[in-house]
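Chemist: First, the structure itself, so that you have it in front of you.
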Amino acid sequence: MHLTPHQKKILAIELTRKRASGDPNRIGQAMLGAQVDLNPHQLDAALFALESPLSKGSILADEVGLGKTIEAGLVLSQFLSEGKNKILIICPANLRKQWGGELQEKFHLKSMILESKNFNAEQRNGNQNPFLSNQVVIVSYQFAKAKAYEISQIAWDLVVIDEAHRLRNVYRESNVIANTIKESLKGRFKLLLTATPLQNSLSELFGLVSIIDEQIFGDFESFSQQFLRIQSEDQLQLLKNRISSICKRTLRKQVLEYIKYTKRIPITKEFVPSEDEDKLHEWISAYLQREKLAALPKSQRKLMTLILRKLLASSTYAIAGTLQALVDRLEKKIGEADTSIDEEIGEVIAEDFEEYEEIKEEWQVYQNQTKPNTTQEHIESIEDLKSEVKELKEFLALANSIQGNSKAEVLLVGLKQAFSEMERLGGAKKAVIFTESRRTQNCLLDILSNHGYANQILLFNGSNTDETSKTVYQNWMAKYKDSDKISGSKTADMRAALVEEFRERRQILIATEAAAEGINLQFCSIVVNYDLPWNPQRIEQRIGRCHRYGQNFDVVVVNFLNKKNLADVRVHQLLSVKFQLFSGVFGASDEVLGNVESGVDFEKRIAEIFQSCRTKEEIQEAFDLLQSELQTDINERLKETREKLLTNFDEIVQEKLKIRMEESEILFDRQTKLLWLLTKDAIQKHGKSNDAEFSFRLDSHPFPDTPVKLGHYRMGKSLFQENQYHANHPLAKKILETANQVEIPEEGLLTFHLSEDRIDQSYANYKYKRGLVTASLWTLDSFETEEILLVTILLEDGSTMDNDLAIRLFSRNGKWEKNSGKTETLETQKQKLEELHSFKKNQILQTRDLRNQELFSKEYEKLDAWADDKRLSLQKELRAYDDEIKVKKKMAKESGNLTDRLKLERERKEIERKRDDAWRNFEVARRAIDEEKEKFLEEMEKKAQMQSEETILFSAQILIH
């Protein structure tokens with residue numbers, strides 16, 4: 001099928017035109033670029049966020065496990081397709097790589113993680129504000145707070161804030177991070193993602209809403225008066241109405257028809273360390289608890305202590321390497337009296353403990369907020385340093401003398417048990433083993449290789465410089481040399497190569513924390529936490545590499561427990577019982593995640609217990625206190641209020657989701673077909689296509705100025721060595737651009753042939769008829785810019801088609817013939833065609849005007865409610881003064897002597913003066929409120945002036961066969 005120029009133009013415009021907010025078809029471009037099986041609730045959430053052109057953002061508050069990242073990805077992708085490319089993502093530091101991976105894997109979008117190192121490098125190269133980028137920018141909360149000024153200088157089109165419950169106490173001035181971020185993003189369109197928008201008090205909901213739009217509620221005072229204690233259904237409904245345009249929440253039970261959930265099955269393997277292992281642990285623990293240590297930099301004492309404890313728990317091999325580094329540091333300090341080597345010890349530790357820099361950044365805020373140590377600075381003598389070196393060498397000698405590894409021996413048993421369980425479940429016998437230490441990783445490689453797993457193991461870490469990884473990478477690069485699977489980034493390609501090797505050929509992946517970030521291991525159903533992080537969010541992230549969308553089997557989670565270490569036992573108890581990380585269907589519950597807010601805070605508390613408690617009794621008492629503080633049995637009344645406030649009835653949701661499912665299937669099929677027709681036409685002289693599979697082979701370049709890789713392509717998820725083809729692919733973009741700019745010849749006949757073997761019944765009444773067609777692109781500019789494709793067809797017998805049917809006709813088999821001749825009948829119909837075209841435009845104007853009225857009404861009602869809230873706060877202050885004056889007046893009247901009465905009358909006069917001042921302030925504030933409403937009306941008047949521009953694309957004779 002060869003497309004006529006008219007068809008190319010119509011199909012390209014239909015795929016790329018700007019659609020109105022609230023139009024379900026608006027998200028079509030994002031859907032075409034997404035490499036994910038979309039669920040209807042995700043589409044519904046994305047459309048909710050794009051509902052109104054006057055909106056300042058949304059809170060997407062689906063329960064855990066429903067894919068809020070995909071919902072945000074759809075919105076983000078749609079913004080980019082509309083040319084809105086200034087996009088910022090703020091998330092916890094340990095989720096940055098995951099966000100980058102999800103955007104690349106699911107939406108083919110490039111992103112950049114901005115952190116101190118590359119930020120400073122950019123500035124040294126002359127870029128004063130590195131946030132200016134043509135890629136999606138991803139930053140941590142801490143970095144966003146640190147670079148608030150630079151962020152505020154960018155006119156962001158969209159800001160996505162993940163785990164947004166971290167900001168819900170923004171109404172408190174003491175929450176510096178939340179307030180700093182809020183101020184830097186004023187006036188920007190924001191998307192807040194959180195499963196727990198309301199945890200302990202309705203005031204938290206006020207905080208989150210105020211980040212997006214400060215005119216939903218007046219101020220915290222008026223919000224407290226009206227809503228902090230819900231006493232009636234009417235009060236609850238009023239609050240629900242106020243937030244209905246900004247907050248959307250779907251529950252897991254509402255989507256069971258569309259999503260299959262698998263379980264987590266926990267296996268806990270207990271072990272007892274050997275006498276020497278136990279002795280080493282006791283020695284180093286006692287050493288780390290000392291008030292004064294020369295081996296650790298004073299500025300990073302807490303952080304270094306945490307890491308040493310983690311390495312000690314990991315393996316004797318891990319701690320031995322770090323002990324050697326501490327000895328070297330102290331000996332250098334003795335020899336040179338040099339205090340400038342603090343960073344060197346950090347670099348040495350980072351070689352083994354790869355998360356050092358990330359954790360250091362997360363802890364930075366904590367260290368900045370900690371009160372400085374007021375005790376006298378300890379000046380180490382040479383004798384002190386030598387004594388400490390001697391002690392460290394004793395630790396090192398003991399560590400090096402230990403040959404066995406009690407935990408590793410139990411690992412062999414645990415692996416066997418996990419593989420047996422997976423065989424019972426029917427899943428692949430593959431396991432990913434997580435450790436926090438590179439040295440432990442190499443140790444486990446040797447142990448497992450010597451116990452039957454040789455040549456079945458892969459290492460995955462931050463550098464992957466081992467010979468096996470290099471060979472895997474080289475083979476992968478050779479295999480995909482003609483494919484766009486090669487990204488050009490060695491780090492990304494190495495990760496992809498190792499994941500594929502693990503999926504296709506290996507049984508065990510031993511991974512450092514680097515593997516927990518941004519990769520998909522859903523083909524694996526066994527997660528082994530050889531070292532267990534104390535940050536629950538990091539654990540959830542690890543397990544989430546396997547227990548995620550697309551997982552077909554229950555996931556076995558293996559943990560290890562040192563029975564001789566009471567603190568380890570209590571940590572495991574908290575993580576498993578309170579945080580529910582290792583069992584059930586969804587992992588950590590909403591209540592727990594919301595209660596903890598930041599896993600770093602929990603990690604710090606655990607570190608403090610290890611550091612300060614010396615006896616079993618002290619350890620028990622400290623963990624009992626921590627457990628009571630983590631009470632997650634949310635007040636039942638508040639829980640009931642939350643569900644009523646933030647969710648709709650199941651039957652309403654489920655009916656809406658069915659409609660969304662039908663809409664999305666129709667839209668996706670249609671958009672896919674249009675892109676396929678344009679692609680097949682563009683490459684017909686440069687390769688071969690397969691309609692049944694939506695695939696093609698590209699043998700030469702259709703656009704020499706835009707070279708793309710040659711080879712096999714497939715729309716949708718590619719298989720084997722094929723390239724993925726999607727709306728964001730450079731070839732697709734060039735095809736659409738070229739089709740949009742195609743020249744349309746004048747005069748002639750446009751013939752459409754309907755296939756006899758599958759006649760579309762909607763065209764049955766139009767067969768064998770001749771007529772006229774005119775097509776135009778009509779741009780309307782009011783509250784938003786919308787491009788409307790108008791295709792008007794008038795046939796000889798006076799029959800017409802609706803606009804959508806006329807557009808779809810251009811995806812049929814078409815032919816163009818020049819100078820086919822005209823008939824007088826057709827000539828006389830030109831006037832009628834123009835009248836029909838004008839009539840369609842007037843109908844559209846009427847519907848748009850009604851929608852604008854509706855949008856205006858909602859915004860004005862919101863502003864009215866805001867103004868009433870503001871007045872309520874002001875009136876409360878005045879009433880308080882009036883009440884106080886009445887009390888003083890009564891007391892004066894009842895006073896027993898003149899002296900007291902005079903005193904009371906003076907006090908009353910002072911209160912009256914304050915009340916008069918408050919009245920004047922009230923008038924000023926009231927005028928400010930009125931001015932705000934007037935400003936809004938002026939803005940609406942400007943936007944309501946409908947501006948339009950029509951570009952005639954072509955007019956032609958038409959014949960339908």
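Chains: A, B, ... in order of the structure tokens. Residues: from 1 per chain. Ligands: from 1, in order shown.
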Per DSSP on the backbone, filter region 235-458 of chain A down to the residues in alpha helix (DSSP H) and report them as a ChimeraX atom specification.
Modeler: /A:235-243,275-288,301-314,316-336,342-352,356-369,382-401,406-425,438-448
Chemist: Dump as JSON lines the rows for residues of region 66-141 of chain A within 12 Å of region 247-256 of chain A: closest atom pair and distance in Å with one decimal, only C-alpha atoms counted, ordered by chain and rising residue number.
Modeler:
{"residue": "A:Leu66", "atom": "CA", "partner": "A:Arg252", "partner_atom": "CA", "distance": 6.9}
{"residue": "A:Gly67", "atom": "CA", "partner": "A:Thr250", "partner_atom": "CA", "distance": 10.7}
{"residue": "A:Lys68", "atom": "CA", "partner": "A:Arg249", "partner_atom": "CA", "distance": 10.3}
{"residue": "A:Glu71", "atom": "CA", "partner": "A:Lys248", "partner_atom": "CA", "distance": 11.6}
Chemist: Which residue gives the smallest distance to Ile154 (chain A) among A:Gln522, A:Gln142, A:Asn129, A:Thr751, with only C-alpha atoms counted?
Modeler: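 Looking at the shortest contact to Ile154 (chain A), the residue is A:Asn129.
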Chemist: Using only C-alpha atoms, pick whichever of A:Ala567, A:Ile265, A:Leu667, A:Leu731 has the shortest atom-to-atom distance to Gly584 (chain A).
Modeler: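 Answer, going by the shortest atom-to-atom distance: A:Ile265.
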Chemist: Would you compute the distance between CA of Cys91 (chain A) and CA of Glu163 (chain A)? Give it in Å to one decimal.
Modeler: 6.6 Å
Chemist: Would you pick out the contacts of Gln671 (chain A) at 7 Å or less, using only C-alpha atoms, so that residues sharing its chain but fewer than 2 positions from it are not included, and give the list as an mmCIF file with N, CA and C atoms, in the first residue's frame?
Modeler:
data_model
loop_
_atom_site.group_PDB
_atom_site.id
_atom_site.type_symbol
_atom_site.label_atom_id
_atom_site.label_comp_id
_atom_site.auth_asym_id
_atom_site.auth_seq_id
_atom_site.Cartn_x
_atom_site.Cartn_y
_atom_site.Cartn_z
ATOM 1 N N LEU A 15 -1.392 11.821 14.633
ATOM 2 C CA LEU A 15 -0.510 11.244 15.641
ATOM 3 C C LEU A 15 0.183 12.295 16.507
ATOM 4 N N GLY A 28 -2.226 9.397 23.794
ATOM 5 C CA GLY A 28 -1.889 8.398 22.791
ATOM 6 C C GLY A 28 -0.410 8.337 22.460
ATOM 7 N N LEU A 32 2.109 5.123 22.895
ATOM 8 C CA LEU A 32 2.858 4.535 21.779
ATOM 9 C C LEU A 32 4.336 4.364 22.120
ATOM 10 N N LEU A 667 -7.574 3.045 21.423
ATOM 11 C CA LEU A 667 -6.614 4.104 21.116
ATOM 12 C C LEU A 667 -5.262 3.530 20.728
ATOM 13 N N PHE A 668 -4.785 2.557 21.500
ATOM 14 C CA PHE A 668 -3.472 1.981 21.225
ATOM 15 C C PHE A 668 -3.450 1.284 19.870
ATOM 16 N N ASP A 669 -4.488 0.510 19.576
ATOM 17 C CA ASP A 669 -4.559 -0.176 18.280
ATOM 18 C C ASP A 669 -4.560 0.829 17.132
ATOM 19 N N LYS A 673 -1.532 1.447 14.435
ATOM 20 C CA LYS A 673 -1.778 1.231 13.003
ATOM 21 C C LYS A 673 -1.331 2.445 12.186
ATOM 22 N N LEU A 674 -1.625 3.650 12.685
ATOM 23 C CA LEU A 674 -1.248 4.856 11.942
ATOM 24 C C LEU A 674 0.268 4.970 11.808
ATOM 25 N N LEU A 675 0.981 4.737 12.922
ATOM 26 C CA LEU A 675 2.446 4.812 12.866
ATOM 27 C C LEU A 675 2.997 3.716 11.955
#
Chemist: A:Asn648, A:Gln231, A:Ser463, A:Gln957: which is nearest Lys769 (chain A), counting only C-alpha atoms?
Modeler: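 Once distances to Lys769 (chain A) are computed over only C-alpha atoms, the minimum belongs to A:Gln957.
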Chemist: With distances taken over only C-alpha atoms, which of A:Glu357, A:Glu923, A:Glu51, A:Glu105 is nearest to Gly33 (chain A)?
Modeler: A:Glu105
Chemist: Within region 489-521 of chain A, find each residue whose DSSP state, derived from the backbone, is strand (DSSP E or B), and express the selection as a list in words.
Modeler: Ile508, Leu509, Ile510 and Ala511 of chain A
Chemist: What does the structure give for the distance between CA of Arg242 (chain A) and CA of Asn169 (chain A), in Å to one decimal?
Modeler: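 It comes out at 19.5 Å.
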Chemist: Can you measure CA of Ile609 (chain A) to CA of Ser628 (chain A) for me? One decimal in Å is fine.
Modeler: 14.8 Å
Chemist: Give the answer as one residue: which of A:Phe523, A:Lys106, A:Gln289, A:Leu167 has the shortest atom-to-atom distance to Asp554 (chain A), using only C-alpha atoms?
Modeler: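 For Asp554 (chain A), the nearest of the candidates is A:Phe523.
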